[in-house]
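Each remark here refers to the structure printed beneath this line.
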Amino acid sequence: MRDTWTPRPVRVPASRVARLGRLGSMATGIAGGMALEGVRHLSRGARPSYRGLLLTPGNMTRLANELAQMRGAAMKVGQLLSMDAGELLPPELSEILSRLRADAHFMPPRQLKSVLNANWGTDWLGQFERFDTRPVAAASIGQVHRVRRRSGEDLAVKVQYPGVVDSIDSDVRNVGALLRMSGLLPAGLDLAPYLEEARGLLRAEADYQAEAGHLETFGGLLADDPAFVVPRLYPEWTTPRILAMSFMPGRPIEETADTPQETRDRIATALIRLTLREVFEFGMMQSDPNFANYRYDDRIGRIVLLDFGATRVLDPDLVGLYRRLAQAGRDGDRGAVVACLAAIGFLDDGVPPDLADRVVAMAGRIFDAVLGAGHFDFAETALSTELNAEGMALAEAGYFPTALPMDALYLQRKFGGMFLLARRLGARVPLRRIVDEVLG
């Protein structure tokens with residue numbers, strides 16, 4: 001399916017009626033495709049299944065393209081599900097949702113100009129030497145353009161898609177109905193918390209002035225850290241719907257897999273240390289571990305941090321529980337590990353004792369592996385394969401913790417994202433040393 005995917009300029013449906021119409025057309029088209037495929041099966045004497053009719057290449061392509069055109073809630077729900085429940089979803093649906101984390105269609109120039117006029121007035125073009133109408137990135141909330149001021153400075157200007165804010169509630173409700181109708185969600189998965197969280201995420205990420213504040217905060221926190229560089233904010237060009245910052249050159253972070261081992265180790269070590277500092281020192285975290293949020297500037301040997309719209313202030317009590325959990329795991333205190341897992345919400349009265357024992361054993365396996373002496377080799381896939389298999393087995397056995405707070409989901413998501421990135425780089429990281437440094 002990736003071979004058929006080509007981001008292109010497609011007008012974003014801005015009104016609620018238009019966006020609802022897109023979803024309705026998509027559902028009708030998928031139903032029609034299922035009917036035609038069913039006729040073909042019957043004509044060959046075969047008895048078609050609902051899943052087989054739904055998961056045709058045509059229907060999967062139609063779903064992916066429509067979600068990409070909708071942006072906003074459609075993509076955000078997909079991103080949340082693909083990160084938090086990706087191992088539980090059918091491969092076909094997981095493929096579509098994971099693709100929405102990185103790519104989207106983008107606004108055509110005329111629609112882009114109308115958004116800029118509404119935010120900057122009609123005389124803005126004279127302030128720039130060049131404004132590239134094809135974005136360098138496009139995602140769920142907005143798209144980013146490279147711009148050159150007449151003074152010679154290069155800016156990255158993030159422009160929000162029209163209609164995203166006004167359609168948040170209706171979009172989330174309609175996308176939830178569509179996903180439930182699809183029959184592709186695993187039995188026992190409660191979609192409601194994801195939908196509610198998608199609403200909150202969309203509202204937070206759609207406030208570009210709030211993101212501007214997070215950008216400046218992280219710029220200050222990391223000003224003396226030689227491993228990172230954070231874009232500089234241009235407040236005079238920033239509005240609630242447009243975010244202007246310095247353009248930071250660099251290549252996708254995953255492409256550094258072709259660099260020497262020492263470089264890959266240094267990159268992964270810096271990012272993992274930063275993740276732990278965010279949790280245990282800053283108390284606030286850029287919660288989206290999408291690889292697109294990190295780039296690497298070979299010229300200066302520093303990691304470029306992008307996109308602070310998903311910055312989340314963490315519950316201090318939960319951070320304290322995770323601190324005690326990490327210390328207990330480091331010290332091999334099984335009783336304290338069990339107590340912390342229960343206090344966080346991974347274990348509750350609804351989890352059968354045999355499943356609870358497996359969850360505790362899984363946590364112990366992680367601590368033993370990553371907090372042992374020396375460096376942890378992320379290129380060794382045995383641990384991740386084992387954990388993925390056990391996670392799926394637990395889900396199939398009915399393990400769904402109901403008391404887990406949303407902050408814990410975001411922490412697990414960020415930790416998992418850093419693990420995947422370090423694995424992609426084949427890095428060797430002194431995890432025990434980093435944990436001791438950050439926790440004390």
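Within each chain, counting starts at residue 1; across the structure tokens, chains are named A, B, ... in the order shown, with ligands numbered 1 upward in that order.
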
Would you give me, as a ChimeraX atom specification, the residues in region 145-297 of chain A that DSSP reads as strand (DSSP E or B)?
/A:145-149,154-160,228-229,233,239,242-246,251-252,284-286,294-297

Write out as a PyMOL selection string which residues come within 12 Å of Thr402 (chain A) when counting only C-alpha atoms, dropping same-chain ones fewer than 5 positions away.
chain A and resi 188-190+192-193+342+344-351+409

Generate a file of the selected residues that holds C-alpha atoms, formatted as a PDB file, in the first residue's frame.
```
ATOM      1  CA  GLY A 188     -12.527  -5.402  24.523  1.00  0.00           C
ATOM      2  CA  LEU A 189     -10.808  -2.226  23.317  1.00  0.00           C
ATOM      3  CA  ASP A 190     -12.720   0.749  24.733  1.00  0.00           C
ATOM      4  CA  ALA A 192     -14.076   6.197  24.291  1.00  0.00           C
ATOM      5  CA  PRO A 193     -10.887   7.237  26.160  1.00  0.00           C
ATOM      6  CA  ALA A 342      -0.716  -1.295  41.175  1.00  0.00           C
ATOM      7  CA  ILE A 344      -0.024   3.527  38.695  1.00  0.00           C
ATOM      8  CA  GLY A 345      -2.909   1.421  37.375  1.00  0.00           C
ATOM      9  CA  PHE A 346      -1.262  -1.451  35.497  1.00  0.00           C
ATOM     10  CA  LEU A 347      -2.745  -3.822  38.067  1.00  0.00           C
ATOM     11  CA  ASP A 348      -6.203  -3.568  39.591  1.00  0.00           C
ATOM     12  CA  ASP A 349      -8.898  -5.802  41.072  1.00  0.00           C
ATOM     13  CA  GLY A 350     -10.173  -6.623  37.598  1.00  0.00           C
ATOM     14  CA  VAL A 351      -6.892  -8.232  36.501  1.00  0.00           C
ATOM     15  CA  LEU A 409      -0.274   6.015  28.430  1.00  0.00           C
TER      16      LEU A 409
END
```

Using only C-alpha atoms, which of A:Ile253, A:Ile434, A:Val136, A:Ala382 sits nearest Leu421 (chain A)?
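Of the candidates, the smallest distance to Leu421 (chain A) is held by A:Ile253.
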
Considering only C-alpha atoms, return as a PDB file with N, CA, C and O atoms, in the first residue's frame whatever protein or nucleic-acid residues lie within 12 Å of region 109-125 of chain A, sequence-local ones (same chain, fewer than 5 positions apart) excluded.
```pdb
ATOM      1  N   ARG A   8      -0.393  14.987  -2.073  1.00  0.00           N
ATOM      2  CA  ARG A   8      -0.628  15.922  -3.166  1.00  0.00           C
ATOM      3  C   ARG A   8      -1.474  17.078  -2.651  1.00  0.00           C
ATOM      4  O   ARG A   8      -2.070  16.981  -1.583  1.00  0.00           O
ATOM      5  N   PRO A   9      -1.556  18.190  -3.401  1.00  0.00           N
ATOM      6  CA  PRO A   9      -2.398  19.306  -2.956  1.00  0.00           C
ATOM      7  C   PRO A   9      -3.874  18.947  -3.066  1.00  0.00           C
ATOM      8  O   PRO A   9      -4.387  18.683  -4.161  1.00  0.00           O
ATOM      9  N   VAL A  10      -4.568  18.897  -1.939  1.00  0.00           N
ATOM     10  CA  VAL A  10      -5.995  18.575  -1.884  1.00  0.00           C
ATOM     11  C   VAL A  10      -6.650  19.557  -0.923  1.00  0.00           C
ATOM     12  O   VAL A  10      -6.209  19.697   0.218  1.00  0.00           O
ATOM     13  N   ARG A  11      -7.689  20.217  -1.361  1.00  0.00           N
ATOM     14  CA  ARG A  11      -8.355  21.217  -0.522  1.00  0.00           C
ATOM     15  C   ARG A  11      -8.910  20.573   0.742  1.00  0.00           C
ATOM     16  O   ARG A  11      -9.577  19.539   0.698  1.00  0.00           O
ATOM     17  N   VAL A  12      -8.635  21.195   1.876  1.00  0.00           N
ATOM     18  CA  VAL A  12      -9.126  20.703   3.154  1.00  0.00           C
ATOM     19  C   VAL A  12     -10.578  21.109   3.313  1.00  0.00           C
ATOM     20  O   VAL A  12     -10.905  22.300   3.193  1.00  0.00           O
ATOM     21  N   PRO A  13     -11.505  20.175   3.571  1.00  0.00           N
ATOM     22  CA  PRO A  13     -12.891  20.561   3.829  1.00  0.00           C
ATOM     23  C   PRO A  13     -12.970  21.365   5.118  1.00  0.00           C
ATOM     24  O   PRO A  13     -12.640  20.865   6.190  1.00  0.00           O
ATOM     25  N   ALA A  14     -13.393  22.618   5.020  1.00  0.00           N
ATOM     26  CA  ALA A  14     -13.302  23.531   6.161  1.00  0.00           C
ATOM     27  C   ALA A  14     -14.562  23.583   7.010  1.00  0.00           C
ATOM     28  O   ALA A  14     -14.498  23.835   8.209  1.00  0.00           O
ATOM     29  N   ARG A 130      11.088  34.861  -0.608  1.00  0.00           N
ATOM     30  CA  ARG A 130      10.594  33.614  -1.186  1.00  0.00           C
ATOM     31  C   ARG A 130       9.652  32.941  -0.202  1.00  0.00           C
ATOM     32  O   ARG A 130       9.872  32.963   1.008  1.00  0.00           O
ATOM     33  N   PHE A 131       8.562  32.362  -0.748  1.00  0.00           N
ATOM     34  CA  PHE A 131       7.622  31.596   0.070  1.00  0.00           C
ATOM     35  C   PHE A 131       7.273  30.338  -0.725  1.00  0.00           C
ATOM     36  O   PHE A 131       6.539  30.380  -1.709  1.00  0.00           O
ATOM     37  N   ASP A 132       7.829  29.209  -0.305  1.00  0.00           N
ATOM     38  CA  ASP A 132       7.575  27.946  -1.004  1.00  0.00           C
ATOM     39  C   ASP A 132       6.164  27.454  -0.679  1.00  0.00           C
ATOM     40  O   ASP A 132       5.856  27.189   0.491  1.00  0.00           O
ATOM     41  N   THR A 133       5.324  27.334  -1.705  1.00  0.00           N
ATOM     42  CA  THR A 133       3.932  26.929  -1.461  1.00  0.00           C
ATOM     43  C   THR A 133       3.805  25.423  -1.206  1.00  0.00           C
ATOM     44  O   THR A 133       2.816  24.995  -0.596  1.00  0.00           O
ATOM     45  N   ARG A 134       4.759  24.638  -1.663  1.00  0.00           N
ATOM     46  CA  ARG A 134       4.726  23.209  -1.339  1.00  0.00           C
ATOM     47  C   ARG A 134       5.373  23.020   0.028  1.00  0.00           C
ATOM     48  O   ARG A 134       6.533  23.373   0.232  1.00  0.00           O
ATOM     49  N   PRO A 135       4.656  22.451   0.979  1.00  0.00           N
ATOM     50  CA  PRO A 135       5.198  22.341   2.336  1.00  0.00           C
ATOM     51  C   PRO A 135       6.334  21.340   2.435  1.00  0.00           C
ATOM     52  O   PRO A 135       6.426  20.395   1.645  1.00  0.00           O
ATOM     53  N   GLY A 142      -1.596  20.908  10.775  1.00  0.00           N
ATOM     54  CA  GLY A 142      -1.149  21.945   9.866  1.00  0.00           C
ATOM     55  C   GLY A 142       0.003  21.473   9.009  1.00  0.00           C
ATOM     56  O   GLY A 142       0.428  20.310   9.080  1.00  0.00           O
ATOM     57  N   GLN A 143       0.507  22.374   8.182  1.00  0.00           N
ATOM     58  CA  GLN A 143       1.627  22.063   7.300  1.00  0.00           C
ATOM     59  C   GLN A 143       2.687  23.140   7.444  1.00  0.00           C
ATOM     60  O   GLN A 143       2.393  24.278   7.811  1.00  0.00           O
ATOM     61  N   VAL A 144       3.943  22.781   7.167  1.00  0.00           N
ATOM     62  CA  VAL A 144       5.079  23.661   7.409  1.00  0.00           C
ATOM     63  C   VAL A 144       5.700  24.072   6.077  1.00  0.00           C
ATOM     64  O   VAL A 144       5.966  23.231   5.219  1.00  0.00           O
ATOM     65  N   HIS A 145       5.953  25.392   5.939  1.00  0.00           N
ATOM     66  CA  HIS A 145       6.551  25.941   4.725  1.00  0.00           C
ATOM     67  C   HIS A 145       7.889  26.592   5.047  1.00  0.00           C
ATOM     68  O   HIS A 145       8.051  27.210   6.108  1.00  0.00           O
ATOM     69  N   VAL A 147      10.364  29.578   4.306  1.00  0.00           N
ATOM     70  CA  VAL A 147      10.171  30.961   3.872  1.00  0.00           C
ATOM     71  C   VAL A 147      11.488  31.716   4.051  1.00  0.00           C
ATOM     72  O   VAL A 147      12.217  31.472   5.020  1.00  0.00           O
ATOM     73  N   ARG A 148      11.788  32.611   3.136  1.00  0.00           N
ATOM     74  CA  ARG A 148      12.978  33.457   3.288  1.00  0.00           C
ATOM     75  C   ARG A 148      12.555  34.917   3.382  1.00  0.00           C
ATOM     76  O   ARG A 148      11.862  35.444   2.512  1.00  0.00           O
ATOM     77  N   ARG A 149      12.971  35.551   4.477  1.00  0.00           N
ATOM     78  CA  ARG A 149      12.694  36.979   4.644  1.00  0.00           C
ATOM     79  C   ARG A 149      13.648  37.799   3.773  1.00  0.00           C
ATOM     80  O   ARG A 149      14.702  37.315   3.365  1.00  0.00           O
ATOM     81  N   ARG A 150      13.272  39.034   3.532  1.00  0.00           N
ATOM     82  CA  ARG A 150      14.131  39.909   2.720  1.00  0.00           C
ATOM     83  C   ARG A 150      15.451  40.198   3.426  1.00  0.00           C
ATOM     84  O   ARG A 150      16.438  40.570   2.798  1.00  0.00           O
ATOM     85  N   VAL A 157       7.395  28.161   8.705  1.00  0.00           N
ATOM     86  CA  VAL A 157       6.083  28.721   9.053  1.00  0.00           C
ATOM     87  C   VAL A 157       5.055  27.590   9.042  1.00  0.00           C
ATOM     88  O   VAL A 157       4.799  26.984   7.995  1.00  0.00           O
ATOM     89  N   LYS A 158       4.497  27.306  10.200  1.00  0.00           N
ATOM     90  CA  LYS A 158       3.479  26.268  10.306  1.00  0.00           C
ATOM     91  C   LYS A 158       2.104  26.899  10.197  1.00  0.00           C
ATOM     92  O   LYS A 158       1.749  27.786  10.982  1.00  0.00           O
ATOM     93  N   VAL A 159       1.328  26.449   9.225  1.00  0.00           N
ATOM     94  CA  VAL A 159       0.013  27.033   8.921  1.00  0.00           C
ATOM     95  C   VAL A 159      -1.059  25.995   9.234  1.00  0.00           C
ATOM     96  O   VAL A 159      -1.030  24.876   8.717  1.00  0.00           O
ATOM     97  N   GLN A 160      -2.009  26.380  10.064  1.00  0.00           N
ATOM     98  CA  GLN A 160      -3.056  25.452  10.480  1.00  0.00           C
ATOM     99  C   GLN A 160      -4.115  25.288   9.397  1.00  0.00           C
ATOM    100  O   GLN A 160      -4.503  26.238   8.733  1.00  0.00           O
ATOM    101  N   TYR A 161      -4.591  24.064   9.246  1.00  0.00           N
ATOM    102  CA  TYR A 161      -5.648  23.802   8.281  1.00  0.00           C
ATOM    103  C   TYR A 161      -6.938  24.505   8.695  1.00  0.00           C
ATOM    104  O   TYR A 161      -7.289  24.525   9.882  1.00  0.00           O
ATOM    105  N   PRO A 162      -7.671  25.085   7.768  1.00  0.00           N
ATOM    106  CA  PRO A 162      -8.929  25.752   8.119  1.00  0.00           C
ATOM    107  C   PRO A 162      -9.981  24.741   8.558  1.00  0.00           C
ATOM    108  O   PRO A 162     -10.036  23.617   8.052  1.00  0.00           O
ATOM    109  N   GLY A 163     -10.793  25.135   9.530  1.00  0.00           N
ATOM    110  CA  GLY A 163     -11.901  24.296   9.973  1.00  0.00           C
ATOM    111  C   GLY A 163     -11.559  23.272  11.022  1.00  0.00           C
ATOM    112  O   GLY A 163     -12.464  22.649  11.588  1.00  0.00           O
ATOM    113  N   GLU A 236       6.522  37.996  16.106  1.00  0.00           N
ATOM    114  CA  GLU A 236       5.819  38.976  15.279  1.00  0.00           C
ATOM    115  C   GLU A 236       5.073  38.325  14.121  1.00  0.00           C
ATOM    116  O   GLU A 236       4.165  38.938  13.538  1.00  0.00           O
ATOM    117  N   TRP A 237       5.415  37.091  13.777  1.00  0.00           N
ATOM    118  CA  TRP A 237       4.738  36.377  12.705  1.00  0.00           C
ATOM    119  C   TRP A 237       3.886  35.226  13.234  1.00  0.00           C
ATOM    120  O   TRP A 237       3.365  34.423  12.444  1.00  0.00           O
ATOM    121  N   THR A 238       3.763  35.131  14.549  1.00  0.00           N
ATOM    122  CA  THR A 238       3.019  34.036  15.172  1.00  0.00           C
ATOM    123  C   THR A 238       1.632  34.513  15.609  1.00  0.00           C
ATOM    124  O   THR A 238       1.504  35.576  16.217  1.00  0.00           O
ATOM    125  N   THR A 239       0.620  33.723  15.292  1.00  0.00           N
ATOM    126  CA  THR A 239      -0.766  33.989  15.676  1.00  0.00           C
ATOM    127  C   THR A 239      -1.346  32.692  16.243  1.00  0.00           C
ATOM    128  O   THR A 239      -0.670  31.662  16.255  1.00  0.00           O
ATOM    129  N   PRO A 240      -2.603  32.706  16.716  1.00  0.00           N
ATOM    130  CA  PRO A 240      -3.185  31.440  17.192  1.00  0.00           C
ATOM    131  C   PRO A 240      -3.241  30.343  16.132  1.00  0.00           C
ATOM    132  O   PRO A 240      -3.359  29.165  16.462  1.00  0.00           O
ATOM    133  N   ARG A 241      -3.130  30.711  14.829  1.00  0.00           N
ATOM    134  CA  ARG A 241      -3.244  29.725  13.759  1.00  0.00           C
ATOM    135  C   ARG A 241      -1.970  29.615  12.909  1.00  0.00           C
ATOM    136  O   ARG A 241      -1.923  28.815  11.984  1.00  0.00           O
ATOM    137  N   ILE A 242      -0.959  30.427  13.202  1.00  0.00           N
ATOM    138  CA  ILE A 242       0.307  30.366  12.460  1.00  0.00           C
ATOM    139  C   ILE A 242       1.462  30.433  13.464  1.00  0.00           C
ATOM    140  O   ILE A 242       1.458  31.276  14.358  1.00  0.00           O
ATOM    141  N   LEU A 243       2.424  29.539  13.294  1.00  0.00           N
ATOM    142  CA  LEU A 243       3.605  29.516  14.163  1.00  0.00           C
ATOM    143  C   LEU A 243       4.833  29.729  13.296  1.00  0.00           C
ATOM    144  O   LEU A 243       5.082  28.973  12.348  1.00  0.00           O
ATOM    145  N   ALA A 244       5.598  30.779  13.602  1.00  0.00           N
ATOM    146  CA  ALA A 244       6.803  31.099  12.825  1.00  0.00           C
ATOM    147  C   ALA A 244       8.037  30.905  13.690  1.00  0.00           C
ATOM    148  O   ALA A 244       8.099  31.387  14.826  1.00  0.00           O
TER     149      ALA A 244
END
```

Report as JSON lines the residues of region 277-359 of chain A within 8 Å of region 214-235 of chain A, each with its shortest atom pair and distance in Å (one decimal), using only C-alpha atoms, ordered by chain and increasing residue number.
```
{"residue": "A:Gly301", "atom": "CA", "partner": "A:Ala227", "partner_atom": "CA", "distance": 7.6}
{"residue": "A:Arg302", "atom": "CA", "partner": "A:Ala227", "partner_atom": "CA", "distance": 5.1}
{"residue": "A:Ile303", "atom": "CA", "partner": "A:Phe228", "partner_atom": "CA", "distance": 4.7}
{"residue": "A:Val304", "atom": "CA", "partner": "A:Val229", "partner_atom": "CA", "distance": 5.0}
{"residue": "A:Leu305", "atom": "CA", "partner": "A:Val230", "partner_atom": "CA", "distance": 5.4}
{"residue": "A:Leu306", "atom": "CA", "partner": "A:Val230", "partner_atom": "CA", "distance": 7.1}
{"residue": "A:Asp307", "atom": "CA", "partner": "A:Leu215", "partner_atom": "CA", "distance": 8.0}
{"residue": "A:Phe308", "atom": "CA", "partner": "A:Leu215", "partner_atom": "CA", "distance": 6.0}
{"residue": "A:Gly309", "atom": "CA", "partner": "A:His214", "partner_atom": "CA", "distance": 7.6}
{"residue": "A:Thr311", "atom": "CA", "partner": "A:His214", "partner_atom": "CA", "distance": 6.9}
```

Filtering to all heavy atoms, could you give me those residues as a PDB file, in the first residue's frame?
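Full text of out.pdb as output:
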```
ATOM      1  N   GLY A 301      26.598  18.441  14.332  1.00  0.00           N
ATOM      2  CA  GLY A 301      26.526  17.252  15.172  1.00  0.00           C
ATOM      3  C   GLY A 301      25.511  17.368  16.288  1.00  0.00           C
ATOM      4  O   GLY A 301      25.737  16.846  17.386  1.00  0.00           O
ATOM      5  N   ARG A 302      24.380  18.036  16.022  1.00  0.00           N
ATOM      6  CA  ARG A 302      23.367  18.221  17.060  1.00  0.00           C
ATOM      7  C   ARG A 302      22.000  17.750  16.575  1.00  0.00           C
ATOM      8  O   ARG A 302      21.700  17.757  15.370  1.00  0.00           O
ATOM      9  CB  ARG A 302      23.297  19.692  17.490  1.00  0.00           C
ATOM     10  CG  ARG A 302      24.609  20.209  18.044  1.00  0.00           C
ATOM     11  CD  ARG A 302      24.562  21.696  18.341  1.00  0.00           C
ATOM     12  NE  ARG A 302      23.876  21.988  19.580  1.00  0.00           N
ATOM     13  CZ  ARG A 302      23.735  23.232  20.076  1.00  0.00           C
ATOM     14  NH1 ARG A 302      24.219  24.264  19.400  1.00  0.00           N
ATOM     15  NH2 ARG A 302      23.115  23.430  21.205  1.00  0.00           N
ATOM     16  N   ILE A 303      21.160  17.361  17.527  1.00  0.00           N
ATOM     17  CA  ILE A 303      19.801  16.902  17.245  1.00  0.00           C
ATOM     18  C   ILE A 303      18.876  18.109  17.253  1.00  0.00           C
ATOM     19  O   ILE A 303      18.880  18.910  18.201  1.00  0.00           O
ATOM     20  CB  ILE A 303      19.349  15.883  18.300  1.00  0.00           C
ATOM     21  CG1 ILE A 303      20.301  14.681  18.314  1.00  0.00           C
ATOM     22  CG2 ILE A 303      17.911  15.442  18.050  1.00  0.00           C
ATOM     23  CD1 ILE A 303      20.171  13.823  19.548  1.00  0.00           C
ATOM     24  N   VAL A 304      18.078  18.245  16.201  1.00  0.00           N
ATOM     25  CA  VAL A 304      17.115  19.333  16.098  1.00  0.00           C
ATOM     26  C   VAL A 304      15.778  18.848  16.655  1.00  0.00           C
ATOM     27  O   VAL A 304      15.260  17.813  16.222  1.00  0.00           O
ATOM     28  CB  VAL A 304      16.938  19.785  14.634  1.00  0.00           C
ATOM     29  CG1 VAL A 304      15.936  20.929  14.549  1.00  0.00           C
ATOM     30  CG2 VAL A 304      18.285  20.186  14.034  1.00  0.00           C
ATOM     31  N   LEU A 305      15.230  19.580  17.608  1.00  0.00           N
ATOM     32  CA  LEU A 305      13.936  19.230  18.207  1.00  0.00           C
ATOM     33  C   LEU A 305      12.843  20.071  17.568  1.00  0.00           C
ATOM     34  O   LEU A 305      12.941  21.308  17.540  1.00  0.00           O
ATOM     35  CB  LEU A 305      13.967  19.456  19.717  1.00  0.00           C
ATOM     36  CG  LEU A 305      15.033  18.669  20.502  1.00  0.00           C
ATOM     37  CD1 LEU A 305      14.948  19.010  21.981  1.00  0.00           C
ATOM     38  CD2 LEU A 305      14.858  17.164  20.296  1.00  0.00           C
ATOM     39  N   LEU A 306      11.795  19.412  17.092  1.00  0.00           N
ATOM     40  CA  LEU A 306      10.702  20.096  16.402  1.00  0.00           C
ATOM     41  C   LEU A 306       9.362  19.731  17.036  1.00  0.00           C
ATOM     42  O   LEU A 306       9.224  18.692  17.669  1.00  0.00           O
ATOM     43  CB  LEU A 306      10.680  19.697  14.919  1.00  0.00           C
ATOM     44  CG  LEU A 306      11.940  19.985  14.098  1.00  0.00           C
ATOM     45  CD1 LEU A 306      11.803  19.359  12.716  1.00  0.00           C
ATOM     46  CD2 LEU A 306      12.173  21.483  13.982  1.00  0.00           C
ATOM     47  N   ASP A 307       8.377  20.604  16.828  1.00  0.00           N
ATOM     48  CA  ASP A 307       6.971  20.342  17.162  1.00  0.00           C
ATOM     49  C   ASP A 307       6.736  20.128  18.653  1.00  0.00           C
ATOM     50  O   ASP A 307       6.823  19.008  19.169  1.00  0.00           O
ATOM     51  CB  ASP A 307       6.456  19.138  16.383  1.00  0.00           C
ATOM     52  CG  ASP A 307       4.921  19.084  16.381  1.00  0.00           C
ATOM     53  OD1 ASP A 307       4.296  19.783  17.209  1.00  0.00           O
ATOM     54  OD2 ASP A 307       4.360  18.365  15.542  1.00  0.00           O
ATOM     55  N   PHE A 308       6.400  21.210  19.330  1.00  0.00           N
ATOM     56  CA  PHE A 308       6.107  21.161  20.763  1.00  0.00           C
ATOM     57  C   PHE A 308       4.617  21.321  21.047  1.00  0.00           C
ATOM     58  O   PHE A 308       4.210  21.640  22.159  1.00  0.00           O
ATOM     59  CB  PHE A 308       6.920  22.233  21.496  1.00  0.00           C
ATOM     60  CG  PHE A 308       8.396  21.946  21.492  1.00  0.00           C
ATOM     61  CD1 PHE A 308       9.211  22.419  20.475  1.00  0.00           C
ATOM     62  CD2 PHE A 308       8.967  21.169  22.481  1.00  0.00           C
ATOM     63  CE1 PHE A 308      10.568  22.151  20.451  1.00  0.00           C
ATOM     64  CE2 PHE A 308      10.326  20.877  22.468  1.00  0.00           C
ATOM     65  CZ  PHE A 308      11.124  21.372  21.453  1.00  0.00           C
ATOM     66  N   GLY A 309       3.786  21.075  20.019  1.00  0.00           N
ATOM     67  CA  GLY A 309       2.342  21.178  20.216  1.00  0.00           C
ATOM     68  C   GLY A 309       1.804  20.131  21.165  1.00  0.00           C
ATOM     69  O   GLY A 309       0.774  20.347  21.818  1.00  0.00           O
ATOM     70  N   THR A 311       3.214  19.077  23.864  1.00  0.00           N
ATOM     71  CA  THR A 311       3.848  19.194  25.181  1.00  0.00           C
ATOM     72  C   THR A 311       2.812  18.992  26.277  1.00  0.00           C
ATOM     73  O   THR A 311       1.721  19.566  26.237  1.00  0.00           O
ATOM     74  CB  THR A 311       4.516  20.559  25.340  1.00  0.00           C
ATOM     75  OG1 THR A 311       5.530  20.695  24.338  1.00  0.00           O
ATOM     76  CG2 THR A 311       5.158  20.696  26.712  1.00  0.00           C
TER      77      THR A 311
END
```

Hey, which of A:Ala393, A:Ile366, A:Val164, A:Leu383 ends up closest to Gly332 (chain A)? Count only C-alpha atoms.
A:Ile366

Identify, on the basis of only C-alpha atoms, every residue whose closest approach to Phe367 (chain A) does not exceed 8 Å; exclude the query and any residue fewer than 5 positions from it along the same chain; express the result as a ChimeraX atom specification.
/A:329-330,372

Quick one: write out the picked residues with N, CA, C and O atoms as an mmCIF file, in the first residue's frame?
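Saved result, selection-v1.cif, follows:
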```cif
data_model
loop_
_atom_site.group_PDB
_atom_site.id
_atom_site.type_symbol
_atom_site.label_atom_id
_atom_site.label_comp_id
_atom_site.auth_asym_id
_atom_site.auth_seq_id
_atom_site.Cartn_x
_atom_site.Cartn_y
_atom_site.Cartn_z
ATOM 1 N N GLY A 329 12.887 -1.179 40.323
ATOM 2 C CA GLY A 329 13.374 -2.071 39.283
ATOM 3 C C GLY A 329 14.880 -2.119 39.234
ATOM 4 O O GLY A 329 15.487 -3.192 39.059
ATOM 5 N N ARG A 330 15.507 -0.967 39.415
ATOM 6 C CA ARG A 330 16.973 -0.898 39.422
ATOM 7 C C ARG A 330 17.543 -1.693 40.589
ATOM 8 O O ARG A 330 18.573 -2.373 40.463
ATOM 9 N N GLY A 372 20.827 -3.587 33.454
ATOM 10 C CA GLY A 372 21.999 -4.365 33.832
ATOM 11 C C GLY A 372 23.271 -3.534 33.671
ATOM 12 O O GLY A 372 23.250 -2.404 33.191
#
```

Shell around Thr256 (chain A) at 12 Å using only C-alpha atoms, local window under 2 positions removed, as a ChimeraX atom specification:
/A:250-254,258-268,291,294-298,301-303,421-422,424-427

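Restricting the calculation to only C-alpha atoms, the smallest distance between Ala403 (chain A) and any of A:Val435, A:Leu341, A:Ala326, A:Ala137 is found for A:Leu341.
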
Pick the closest to Glu205 (chain A) from A:Ala310, A:Ala156, A:Leu439, A:Ile300: which is it, counting only C-alpha atoms?
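Comparing A:Ala310, A:Ala156, A:Leu439, A:Ile300 against Glu205 (chain A), the winner is A:Ala310.
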
Selection: 9 Å around Phe282 (chain A), only C-alpha atoms, excl. self and same-chain fewer than 4 positions, as a list in words
Leu221, Arg277, Glu278 and Val313 of chain A

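CA of Leu314 (chain A) to CA of Gly283 (chain A) spans 5.6 Å [interatomic distance, one decimal].
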
So which residues touch Phe376 (chain A) within 6 Å, counting only C-alpha atoms, skipping near sequence neighbours fewer than 5 positions away, as an MDAnalysis selection string?
chainID A and resid 370 428:429
